[in-house]
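K.L.:
One structure, pasted below without further comment.
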Amino acid sequence: MMAKSHHFLIFIFIIAQFLACKGEAEESEDPIEITENTILLRISKQEFSDLNMTIDTVHLAPFPSVITAIGVIEVPPNGRATVNAFMGGYVKDFPLLVGDQVRKGQKLLTLENLEFLKLQQDYLETKQRMMYLQSEFERQKQLYQEKINSQKVFLKAQNDYENVKIMHQSLKQKLIAIQIDPSTLTSENMRSTTRIESPISGSVSKVFVNTGSYVDPSNPIMEIVNATHLHLEIQIFEKDAIRIEKGQRIVFRVPEYSEEKYSAEVHLIGKSIDRDRTVQVHAHLDEENQEKFIPGMFIQAEIMAEETLKPALRQEAFTKIEDRHYIFELVDESEEEFVFRKTEVDSGNTLNGFTEVDLSDSNLGKRYLIGY
């Protein structure tokens, strides 16, 4: 019943405004009375009672001071990985596209380079030489202990063995870096290809190569993003930094996406001021909103700082017509009816059922229509 009455009033308000613009206001039995720059709404007390309407005054309600800021949606440093090759090579196969999901350790692509064969050859030869020099070192050590050979011969054997051990370990780590297992490597299973694996789980966000292209170790192959722990990186001016505290609520929106508003919470406040005199604020998103966003999205944020008392009306007192907000002030009352004056106002935040309203002090004691 209330919803029906609401739509009816909106309709007659639009008609009343149209007639006022045309200068064609005429006498009628409608509850709208139009005078110069004034629209009066007459409601019988019977209708007032039937529709469960009420009358209320302006309240001083606590509202947080709002700090406006801009920022971006980001992932933690460990949620973004740039994939590089430890050694250069040609892309032999590359089955992934931007947006594909990958898991940690999954094969991303295959690189081919004859230098991989040379590295394996060097490793196997060094391994054989190390085995020989180890045996020679142990023999010379025994002879030295028995006073058969000189210390000089023993130290040379020891030095040769230690050097080849270092070289062997270095080559071993290089093979591990290019995904070749040294423990299973033999002269029969050497290969000219290697695989690049994903360092994290996530989705492919950028690709910089294609099949057949040469990959240089200094250039990235692709970027992978794990968007399961998105957060906000917000920039605030230094004058507002002292008002920011951990746990404060943030309301933000993505202007290029929609007008819908989402919630976050201040988690960390930067301890340094950037060159543009701003401070970085790190905020955590509500978990239910994580899947809606993409890292890098620009956001506009409102940080709810300390609370102050501000004039407010119950949110049911406001009527919105064509992006403008109106309230109805009680200007007269008789035994049969109430008379309200339509007034355009600037409304602010809504909290706990009350909406902030910009009214002069002279209006604070006046009464307004609620619940139509």
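For the structure tokens, the naming scheme is as follows: chains receive sequential letters (A, B, ...) according to their order of presentation, residues are indexed from 1 within each chain, and ligands are indexed from 1 in presentation order.
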Can you pull out the residues contacting Ala81 in chain A? Cut-off 12 Å, using only C-alpha atoms, and skip same-chain residues under 5 positions away; I want them as JSON, numbers by chain.
P.N.:
{"A": [75, 76, 104, 197, 198, 199, 200, 201, 202, 203, 204, 205, 206, 220, 221, 222, 223, 224, 225, 226, 227]}
K.L.:
Within 10 Å of range 110-129 of chain A, which residues of range 170-209 of chain A come that close, and what is the closest atom pair and distance in Å for each? Count only C-alpha atoms and give it as CSV.
P.N.:
residue,atom,partner,partner_atom,distance
A:Ser170,CA,A:Tyr123,CA,9.0
A:Leu171,CA,A:Tyr123,CA,5.6
A:Lys172,CA,A:Tyr123,CA,6.8
A:Lys174,CA,A:Leu119,CA,8.2
A:Leu175,CA,A:Gln120,CA,7.4
A:Ile178,CA,A:Phe116,CA,8.6
A:Ile180,CA,A:Gln120,CA,8.8
A:Pro182,CA,A:Tyr123,CA,8.3
A:Leu185,CA,A:Gln120,CA,7.9
A:Thr186,CA,A:Leu124,CA,7.3
A:Ser187,CA,A:Leu124,CA,7.5
A:Asn189,CA,A:Gln120,CA,9.9
A:Met190,CA,A:Leu117,CA,6.5
A:Arg191,CA,A:Leu117,CA,6.1
A:Ser192,CA,A:Leu114,CA,5.4
A:Thr193,CA,A:Glu112,CA,4.2
A:Thr194,CA,A:Leu111,CA,5.4
A:Arg195,CA,A:Thr110,CA,4.5
A:Ile196,CA,A:Thr110,CA,6.3
A:Glu197,CA,A:Thr110,CA,9.2
K.L.:
Taking N, CA and C atoms for each residue, export the selection above as a compact mmCIF listing (two decimals), in the first residue's frame.
P.N.:
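The resulting file, out34.txt, is reproduced below:
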# COMPACT_ATOMS: atom_id res chain seq x y z
N SER A 170 78.19 -25.84 -9.25
CA SER A 170 77.66 -24.73 -10.04
C SER A 170 76.87 -25.23 -11.24
N LEU A 171 77.41 -26.21 -11.96
CA LEU A 171 76.71 -26.77 -13.11
C LEU A 171 75.44 -27.50 -12.68
N LYS A 172 75.50 -28.13 -11.53
CA LYS A 172 74.33 -28.84 -11.01
C LYS A 172 73.18 -27.86 -10.77
N LYS A 174 72.71 -24.95 -12.12
CA LYS A 174 72.24 -24.41 -13.41
C LYS A 174 71.26 -25.38 -14.06
N LEU A 175 71.56 -26.67 -13.98
CA LEU A 175 70.65 -27.66 -14.55
C LEU A 175 69.31 -27.67 -13.80
N ILE A 178 67.03 -24.88 -14.91
CA ILE A 178 66.35 -25.05 -16.20
C ILE A 178 65.56 -26.35 -16.24
N ILE A 180 66.18 -29.49 -15.36
CA ILE A 180 66.82 -30.75 -15.75
C ILE A 180 67.38 -31.37 -14.47
N PRO A 182 69.76 -33.31 -12.39
CA PRO A 182 71.13 -33.83 -12.52
C PRO A 182 71.27 -35.28 -12.04
N LEU A 185 70.52 -37.56 -14.94
CA LEU A 185 71.12 -37.23 -16.24
C LEU A 185 72.23 -38.21 -16.60
N THR A 186 72.15 -38.71 -17.82
CA THR A 186 73.20 -39.58 -18.37
C THR A 186 73.51 -39.13 -19.79
N SER A 187 74.52 -39.72 -20.37
CA SER A 187 74.88 -39.37 -21.75
C SER A 187 73.81 -39.81 -22.74
N ASN A 189 70.36 -39.60 -22.12
CA ASN A 189 69.09 -38.86 -22.05
C ASN A 189 69.27 -37.34 -22.07
N MET A 190 70.38 -36.87 -22.58
CA MET A 190 70.56 -35.42 -22.73
C MET A 190 69.54 -34.88 -23.74
N ARG A 191 69.09 -33.64 -23.53
CA ARG A 191 68.09 -33.07 -24.43
C ARG A 191 68.36 -31.58 -24.65
N SER A 192 67.82 -31.06 -25.75
CA SER A 192 68.03 -29.66 -26.11
C SER A 192 66.85 -28.78 -25.70
N THR A 193 65.91 -29.34 -24.96
CA THR A 193 64.73 -28.57 -24.54
C THR A 193 64.63 -28.54 -23.03
N THR A 194 63.89 -27.56 -22.55
CA THR A 194 63.58 -27.46 -21.12
C THR A 194 62.20 -26.86 -20.98
N ARG A 195 61.61 -27.04 -19.83
CA ARG A 195 60.27 -26.51 -19.58
C ARG A 195 60.35 -25.37 -18.58
N ILE A 196 59.46 -24.40 -18.80
CA ILE A 196 59.31 -23.30 -17.84
C ILE A 196 58.04 -23.58 -17.04
N GLU A 197 58.16 -23.57 -15.71
CA GLU A 197 57.03 -23.89 -14.85
C GLU A 197 56.50 -22.64 -14.15
K.L.:
With only C-alpha atoms as the atoms that count, which of A:Ala177, A:Ile294, A:Val254, A:Ala157 lies nearest to Ala85 in chain A?
P.N.:
A:Ala177
K.L.:
Could you work out how far CA of Pro311 in chain A lies from CA of Ser360 in chain A, giving the answer in Å with one decimal?
P.N.:
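If I compute the distance from CA of Ser360 in chain A to CA of Pro311 in chain A, I get 9.2 Å.
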K.L.:
Which of range 173-241 of chain A counts as strand (DSSP E) under DSSP, as a ChimeraX atom specification please?
P.N.:
/A:193-197,202-207,214-215,222-225,231-237
K.L.:
May I have the residues from that selection written out with N, CA and C atoms, as a PDB file, in the first residue's frame?
P.N.:
ATOM      1  N   THR A 193      65.906 -29.342 -24.958  1.00  0.00           N
ATOM      2  CA  THR A 193      64.731 -28.572 -24.545  1.00  0.00           C
ATOM      3  C   THR A 193      64.631 -28.544 -23.026  1.00  0.00           C
ATOM      4  N   THR A 194      63.894 -27.562 -22.546  1.00  0.00           N
ATOM      5  CA  THR A 194      63.577 -27.464 -21.122  1.00  0.00           C
ATOM      6  C   THR A 194      62.198 -26.857 -20.977  1.00  0.00           C
ATOM      7  N   ARG A 195      61.609 -27.042 -19.829  1.00  0.00           N
ATOM      8  CA  ARG A 195      60.273 -26.513 -19.580  1.00  0.00           C
ATOM      9  C   ARG A 195      60.348 -25.374 -18.581  1.00  0.00           C
ATOM     10  N   ILE A 196      59.462 -24.401 -18.798  1.00  0.00           N
ATOM     11  CA  ILE A 196      59.305 -23.301 -17.838  1.00  0.00           C
ATOM     12  C   ILE A 196      58.044 -23.581 -17.043  1.00  0.00           C
ATOM     13  N   GLU A 197      58.164 -23.574 -15.709  1.00  0.00           N
ATOM     14  CA  GLU A 197      57.031 -23.888 -14.850  1.00  0.00           C
ATOM     15  C   GLU A 197      56.504 -22.641 -14.150  1.00  0.00           C
ATOM     16  N   GLY A 202      47.451 -19.132 -10.286  1.00  0.00           N
ATOM     17  CA  GLY A 202      46.734 -17.910 -10.644  1.00  0.00           C
ATOM     18  C   GLY A 202      46.273 -17.955 -12.084  1.00  0.00           C
ATOM     19  N   SER A 203      46.143 -16.787 -12.678  1.00  0.00           N
ATOM     20  CA  SER A 203      45.724 -16.700 -14.073  1.00  0.00           C
ATOM     21  C   SER A 203      46.744 -15.882 -14.864  1.00  0.00           C
ATOM     22  N   VAL A 204      46.873 -16.212 -16.129  1.00  0.00           N
ATOM     23  CA  VAL A 204      47.801 -15.498 -17.008  1.00  0.00           C
ATOM     24  C   VAL A 204      47.221 -14.112 -17.290  1.00  0.00           C
ATOM     25  N   SER A 205      47.956 -13.066 -16.914  1.00  0.00           N
ATOM     26  CA  SER A 205      47.454 -11.699 -17.109  1.00  0.00           C
ATOM     27  C   SER A 205      48.115 -11.001 -18.295  1.00  0.00           C
ATOM     28  N   LYS A 206      49.359 -11.375 -18.613  1.00  0.00           N
ATOM     29  CA  LYS A 206      50.067 -10.767 -19.735  1.00  0.00           C
ATOM     30  C   LYS A 206      50.937 -11.815 -20.404  1.00  0.00           C
ATOM     31  N   VAL A 207      51.091 -11.707 -21.724  1.00  0.00           N
ATOM     32  CA  VAL A 207      51.958 -12.603 -22.489  1.00  0.00           C
ATOM     33  C   VAL A 207      52.834 -11.756 -23.397  1.00  0.00           C
ATOM     34  N   TYR A 214      62.440 -15.818 -29.766  1.00  0.00           N
ATOM     35  CA  TYR A 214      63.586 -16.079 -28.894  1.00  0.00           C
ATOM     36  C   TYR A 214      63.365 -15.377 -27.562  1.00  0.00           C
ATOM     37  N   VAL A 215      63.586 -16.104 -26.492  1.00  0.00           N
ATOM     38  CA  VAL A 215      63.414 -15.574 -25.143  1.00  0.00           C
ATOM     39  C   VAL A 215      64.775 -15.264 -24.557  1.00  0.00           C
ATOM     40  N   MET A 222      55.923 -13.855 -19.432  1.00  0.00           N
ATOM     41  CA  MET A 222      54.509 -13.621 -19.129  1.00  0.00           C
ATOM     42  C   MET A 222      54.386 -13.161 -17.688  1.00  0.00           C
ATOM     43  N   GLU A 223      53.167 -12.752 -17.331  1.00  0.00           N
ATOM     44  CA  GLU A 223      52.868 -12.371 -15.956  1.00  0.00           C
ATOM     45  C   GLU A 223      51.681 -13.190 -15.475  1.00  0.00           C
ATOM     46  N   ILE A 224      51.783 -13.676 -14.242  1.00  0.00           N
ATOM     47  CA  ILE A 224      50.709 -14.465 -13.629  1.00  0.00           C
ATOM     48  C   ILE A 224      50.248 -13.752 -12.370  1.00  0.00           C
ATOM     49  N   VAL A 225      48.938 -13.665 -12.199  1.00  0.00           N
ATOM     50  CA  VAL A 225      48.366 -12.967 -11.043  1.00  0.00           C
ATOM     51  C   VAL A 225      47.448 -13.912 -10.286  1.00  0.00           C
ATOM     52  N   HIS A 231      43.435  -6.388  -2.533  1.00  0.00           N
ATOM     53  CA  HIS A 231      43.358  -5.332  -1.529  1.00  0.00           C
ATOM     54  C   HIS A 231      43.346  -3.981  -2.231  1.00  0.00           C
ATOM     55  N   LEU A 232      43.131  -2.927  -1.480  1.00  0.00           N
ATOM     56  CA  LEU A 232      43.139  -1.575  -2.023  1.00  0.00           C
ATOM     57  C   LEU A 232      44.436  -0.885  -1.631  1.00  0.00           C
ATOM     58  N   GLU A 233      45.020  -0.179  -2.573  1.00  0.00           N
ATOM     59  CA  GLU A 233      46.142   0.710  -2.297  1.00  0.00           C
ATOM     60  C   GLU A 233      45.634   2.130  -2.552  1.00  0.00           C
ATOM     61  N   ILE A 234      45.426   2.866  -1.469  1.00  0.00           N
ATOM     62  CA  ILE A 234      44.779   4.181  -1.536  1.00  0.00           C
ATOM     63  C   ILE A 234      45.789   5.263  -1.196  1.00  0.00           C
ATOM     64  N   GLN A 235      45.717   6.371  -1.921  1.00  0.00           N
ATOM     65  CA  GLN A 235      46.575   7.519  -1.652  1.00  0.00           C
ATOM     66  C   GLN A 235      45.761   8.608  -0.956  1.00  0.00           C
ATOM     67  N   ILE A 236      46.219   9.046   0.207  1.00  0.00           N
ATOM     68  CA  ILE A 236      45.565  10.137   0.913  1.00  0.00           C
ATOM     69  C   ILE A 236      46.560  11.282   1.099  1.00  0.00           C
ATOM     70  N   PHE A 237      46.049  12.496   1.190  1.00  0.00           N
ATOM     71  CA  PHE A 237      46.921  13.643   1.396  1.00  0.00           C
ATOM     72  C   PHE A 237      47.470  13.621   2.821  1.00  0.00           C
TER      73      PHE A 237
END
K.L.:
What's the separation between CA of Asn210 in chain A and CA of Glu74 in chain A, in Å to one decimal place?
P.N.:
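It comes out at 27.2 Å.
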K.L.:
Between A:Glu337, A:Glu344, A:Ile244, A:Arg42, which one has atoms that come closest to Asp323 in chain A, using only C-alpha atoms?
P.N.:
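Among A:Glu337, A:Glu344, A:Ile244, A:Arg42, it is A:Glu344 that comes nearest to Asp323 in chain A.
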K.L.:
Find the distance between CA of Met304 in chain A and CA of Arg275 in chain A and write it in Å to one decimal.
P.N.:
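One can read the CA of Met304 in chain A to CA of Arg275 in chain A distance as 25.3 Å.
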K.L.:
Would you list, as a PDB file with C-alpha atoms, in the first residue's frame, the residues of range 25-260 of chain A that end up in helix (DSSP H, G or I) under DSSP run on this structure's backbone?
P.N.:
ATOM      1  CA  LYS A  45      -5.651  12.821   8.527  1.00  0.00           C
ATOM      2  CA  GLN A  46      -7.585   9.733   7.540  1.00  0.00           C
ATOM      3  CA  GLU A  47      -5.173   8.968   4.677  1.00  0.00           C
ATOM      4  CA  PHE A  48      -2.271   9.892   6.954  1.00  0.00           C
ATOM      5  CA  SER A  49      -3.436   7.225   9.404  1.00  0.00           C
ATOM      6  CA  ASP A  50      -4.299   4.610   6.777  1.00  0.00           C
ATOM      7  CA  PRO A  77      53.690  -8.848  -3.954  1.00  0.00           C
ATOM      8  CA  ASN A  78      53.578 -12.634  -3.580  1.00  0.00           C
ATOM      9  CA  GLY A  79      50.363 -12.713  -5.624  1.00  0.00           C
ATOM     10  CA  LEU A 114      71.620 -26.241 -28.158  1.00  0.00           C
ATOM     11  CA  GLU A 115      73.354 -24.525 -25.243  1.00  0.00           C
ATOM     12  CA  PHE A 116      71.302 -26.774 -22.973  1.00  0.00           C
ATOM     13  CA  LEU A 117      73.164 -29.749 -24.456  1.00  0.00           C
ATOM     14  CA  LYS A 118      76.519 -28.048 -23.858  1.00  0.00           C
ATOM     15  CA  LEU A 119      75.588 -27.414 -20.219  1.00  0.00           C
ATOM     16  CA  GLN A 120      74.657 -31.070 -19.714  1.00  0.00           C
ATOM     17  CA  GLN A 121      77.850 -32.176 -21.419  1.00  0.00           C
ATOM     18  CA  ASP A 122      79.946 -29.956 -19.162  1.00  0.00           C
ATOM     19  CA  TYR A 123      78.153 -31.312 -16.119  1.00  0.00           C
ATOM     20  CA  LEU A 124      78.729 -34.980 -17.030  1.00  0.00           C
ATOM     21  CA  GLU A 125      82.378 -34.375 -17.891  1.00  0.00           C
ATOM     22  CA  THR A 126      82.924 -32.451 -14.664  1.00  0.00           C
ATOM     23  CA  LYS A 127      81.228 -35.218 -12.713  1.00  0.00           C
ATOM     24  CA  GLN A 128      83.591 -37.796 -14.196  1.00  0.00           C
ATOM     25  CA  ARG A 129      86.615 -35.607 -13.574  1.00  0.00           C
ATOM     26  CA  MET A 130      85.512 -34.981 -10.000  1.00  0.00           C
ATOM     27  CA  MET A 131      85.314 -38.720  -9.359  1.00  0.00           C
ATOM     28  CA  TYR A 132      88.851 -39.148 -10.682  1.00  0.00           C
ATOM     29  CA  LEU A 133      90.243 -36.205  -8.707  1.00  0.00           C
ATOM     30  CA  GLN A 134      88.513 -37.402  -5.553  1.00  0.00           C
ATOM     31  CA  SER A 135      90.230 -40.749  -5.910  1.00  0.00           C
ATOM     32  CA  GLU A 136      93.563 -39.029  -6.609  1.00  0.00           C
ATOM     33  CA  PHE A 137      93.121 -36.730  -3.625  1.00  0.00           C
ATOM     34  CA  GLU A 138      92.426 -39.657  -1.278  1.00  0.00           C
ATOM     35  CA  ARG A 139      95.456 -41.522  -2.645  1.00  0.00           C
ATOM     36  CA  GLN A 140      97.764 -38.536  -2.224  1.00  0.00           C
ATOM     37  CA  LYS A 141      96.384 -37.942   1.250  1.00  0.00           C
ATOM     38  CA  GLN A 142      97.237 -41.488   2.252  1.00  0.00           C
ATOM     39  CA  LEU A 143     100.738 -41.196   0.803  1.00  0.00           C
ATOM     40  CA  TYR A 144     101.305 -37.907   2.558  1.00  0.00           C
ATOM     41  CA  GLN A 145     100.212 -39.336   5.885  1.00  0.00           C
ATOM     42  CA  GLN A 151     103.090 -31.807   1.149  1.00  0.00           C
ATOM     43  CA  LYS A 152     103.219 -29.872  -2.132  1.00  0.00           C
ATOM     44  CA  VAL A 153     101.902 -32.827  -4.134  1.00  0.00           C
ATOM     45  CA  PHE A 154      99.171 -33.467  -1.584  1.00  0.00           C
ATOM     46  CA  LEU A 155      98.019 -29.809  -1.523  1.00  0.00           C
ATOM     47  CA  LYS A 156      97.857 -29.711  -5.336  1.00  0.00           C
ATOM     48  CA  ALA A 157      95.661 -32.815  -5.396  1.00  0.00           C
ATOM     49  CA  GLN A 158      93.460 -31.280  -2.711  1.00  0.00           C
ATOM     50  CA  ASN A 159      93.173 -27.980  -4.606  1.00  0.00           C
ATOM     51  CA  ASP A 160      92.296 -29.693  -7.894  1.00  0.00           C
ATOM     52  CA  TYR A 161      89.618 -31.734  -6.192  1.00  0.00           C
ATOM     53  CA  GLU A 162      88.065 -28.728  -4.400  1.00  0.00           C
ATOM     54  CA  ASN A 163      87.993 -26.681  -7.621  1.00  0.00           C
ATOM     55  CA  VAL A 164      86.233 -29.388  -9.578  1.00  0.00           C
ATOM     56  CA  LYS A 165      83.718 -29.832  -6.724  1.00  0.00           C
ATOM     57  CA  ILE A 166      82.869 -26.139  -6.975  1.00  0.00           C
ATOM     58  CA  MET A 167      82.442 -26.361 -10.733  1.00  0.00           C
ATOM     59  CA  HIS A 168      80.329 -29.498 -10.377  1.00  0.00           C
ATOM     60  CA  GLN A 169      78.016 -27.820  -7.856  1.00  0.00           C
ATOM     61  CA  SER A 170      77.663 -24.728 -10.044  1.00  0.00           C
ATOM     62  CA  LEU A 171      76.710 -26.770 -13.107  1.00  0.00           C
ATOM     63  CA  LYS A 172      74.331 -28.838 -11.015  1.00  0.00           C
ATOM     64  CA  GLN A 173      72.435 -25.736  -9.849  1.00  0.00           C
ATOM     65  CA  LYS A 174      72.236 -24.415 -13.415  1.00  0.00           C
ATOM     66  CA  LEU A 175      70.650 -27.662 -14.551  1.00  0.00           C
ATOM     67  CA  ILE A 176      68.142 -27.529 -11.700  1.00  0.00           C
ATOM     68  CA  ALA A 177      67.281 -23.939 -12.663  1.00  0.00           C
ATOM     69  CA  PRO A 182      71.128 -33.832 -12.520  1.00  0.00           C
ATOM     70  CA  SER A 183      70.587 -37.015 -10.510  1.00  0.00           C
ATOM     71  CA  THR A 184      68.998 -38.787 -13.484  1.00  0.00           C
ATOM     72  CA  ALA A 227      43.673 -12.611  -7.360  1.00  0.00           C
ATOM     73  CA  THR A 228      42.457 -14.524  -4.308  1.00  0.00           C
ATOM     74  CA  HIS A 229      43.749 -11.862  -1.904  1.00  0.00           C
ATOM     75  CA  GLU A 238      49.326  14.117   4.283  1.00  0.00           C
ATOM     76  CA  LYS A 239      46.892  16.493   6.046  1.00  0.00           C
ATOM     77  CA  ASP A 240      44.437  13.590   6.402  1.00  0.00           C
ATOM     78  CA  ALA A 241      46.967  10.942   7.445  1.00  0.00           C
TER      79      ALA A 241
END
K.L.:
With only C-alpha atoms as the atoms that count, which of A:Arg341, A:Ala264, A:Ile269, A:Val357 lies nearest to Gln290 in chain A?
P.N.:
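Looking at the shortest contact to Gln290 in chain A, the residue is A:Ala264.
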K.L.:
Neighbours of Asn349 in chain A within 12 Å (only C-alpha atoms; same-chain residues fewer than 6 positions away dropped), as an mmCIF file with C-alpha atoms, in the first residue's frame?
P.N.:
data_model
loop_
_atom_site.group_PDB
_atom_site.id
_atom_site.type_symbol
_atom_site.label_atom_id
_atom_site.label_comp_id
_atom_site.auth_asym_id
_atom_site.auth_seq_id
_atom_site.Cartn_x
_atom_site.Cartn_y
_atom_site.Cartn_z
ATOM 1 C CA ALA A 61 22.948 11.872 14.589
ATOM 2 C CA PRO A 62 26.581 10.684 14.682
ATOM 3 C CA PHE A 63 28.152 10.506 11.227
ATOM 4 C CA PRO A 64 31.772 9.747 10.410
ATOM 5 C CA SER A 65 33.814 12.451 8.739
ATOM 6 C CA VAL A 66 34.481 11.317 5.189
ATOM 7 C CA VAL A 251 33.235 2.674 0.977
ATOM 8 C CA GLU A 302 35.559 7.329 1.041
ATOM 9 C CA MET A 304 34.984 6.901 7.371
ATOM 10 C CA LYS A 310 25.206 16.250 12.081
ATOM 11 C CA PRO A 311 21.557 17.155 11.248
ATOM 12 C CA ALA A 312 19.717 14.116 9.929
ATOM 13 C CA LEU A 313 16.255 12.842 9.107
ATOM 14 C CA ARG A 314 15.037 9.297 8.942
ATOM 15 C CA GLN A 315 15.763 8.043 5.436
ATOM 16 C CA THR A 355 20.342 10.350 6.294
ATOM 17 C CA GLU A 356 22.486 13.434 6.694
ATOM 18 C CA VAL A 357 20.703 16.588 5.461
ATOM 19 C CA ASP A 358 21.997 20.085 4.797
#
K.L.:
Using only C-alpha atoms, determine which residues lie at most 12 Å from Gly247 in chain A, disregarding the query and same-chain residues fewer than 3 positions distant; provide the list as a list in words.
P.N.:
Ile244, Ile250, Ser263, Ala264, Glu265, Val266, His267, Leu268, Ile269, Val281, His282, Ala283, His284, Leu285, Ile303, Met304, Ala305 and Glu306 of chain A
K.L.:
Just N, CA and C atoms for this one: save the residues we selected as a compact mmCIF listing (two decimals), in the first residue's frame.
P.N.:
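For reference, out.txt as written:
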# COMPACT_ATOMS: atom_id res chain seq x y z
N ILE A 244 43.56 8.86 9.99
CA ILE A 244 43.34 7.49 9.55
C ILE A 244 43.80 6.52 10.63
N ILE A 250 35.75 1.66 4.89
CA ILE A 250 35.94 2.34 3.60
C ILE A 250 34.81 1.93 2.67
N SER A 263 32.56 -2.39 0.22
CA SER A 263 33.16 -2.09 1.52
C SER A 263 34.57 -2.67 1.63
N ALA A 264 35.39 -1.98 2.41
CA ALA A 264 36.73 -2.44 2.75
C ALA A 264 37.07 -1.90 4.12
N GLU A 265 38.24 -2.25 4.62
CA GLU A 265 38.66 -1.82 5.95
C GLU A 265 40.13 -1.46 5.95
N VAL A 266 40.47 -0.36 6.61
CA VAL A 266 41.87 0.06 6.70
C VAL A 266 42.66 -1.00 7.46
N HIS A 267 43.77 -1.43 6.86
CA HIS A 267 44.60 -2.46 7.49
C HIS A 267 45.99 -1.93 7.87
N LEU A 268 46.60 -1.16 6.98
CA LEU A 268 47.93 -0.60 7.24
C LEU A 268 47.98 0.84 6.76
N ILE A 269 48.70 1.67 7.49
CA ILE A 269 48.92 3.07 7.09
C ILE A 269 50.41 3.29 6.87
N VAL A 281 47.74 4.02 1.97
CA VAL A 281 46.90 3.27 2.89
C VAL A 281 46.55 1.93 2.26
N HIS A 282 46.79 0.87 3.00
CA HIS A 282 46.51 -0.49 2.53
C HIS A 282 45.22 -0.97 3.19
N ALA A 283 44.25 -1.40 2.39
CA ALA A 283 42.94 -1.80 2.93
C ALA A 283 42.55 -3.18 2.41
N HIS A 284 41.88 -3.95 3.26
CA HIS A 284 41.41 -5.28 2.89
C HIS A 284 39.96 -5.22 2.44
N LEU A 285 39.67 -5.93 1.34
CA LEU A 285 38.31 -6.01 0.81
C LEU A 285 37.48 -7.01 1.61
N ILE A 303 36.83 7.19 3.09
CA ILE A 303 37.26 6.60 4.35
C ILE A 303 36.46 7.24 5.49
N MET A 304 35.81 6.41 6.28
CA MET A 304 34.98 6.90 7.37
C MET A 304 35.87 7.15 8.59
N ALA A 305 36.19 8.42 8.84
CA ALA A 305 37.09 8.77 9.94
C ALA A 305 36.29 9.03 11.21
N GLU A 306 36.73 9.97 12.06
CA GLU A 306 36.09 10.21 13.35
C GLU A 306 34.65 10.68 13.17
K.L.:
With only C-alpha atoms as the basis for distance, which of A:Met53, A:Val209, A:Ser218, A:Leu41 is at the shortest distance from Leu97 in chain A?
P.N.:
A:Val209
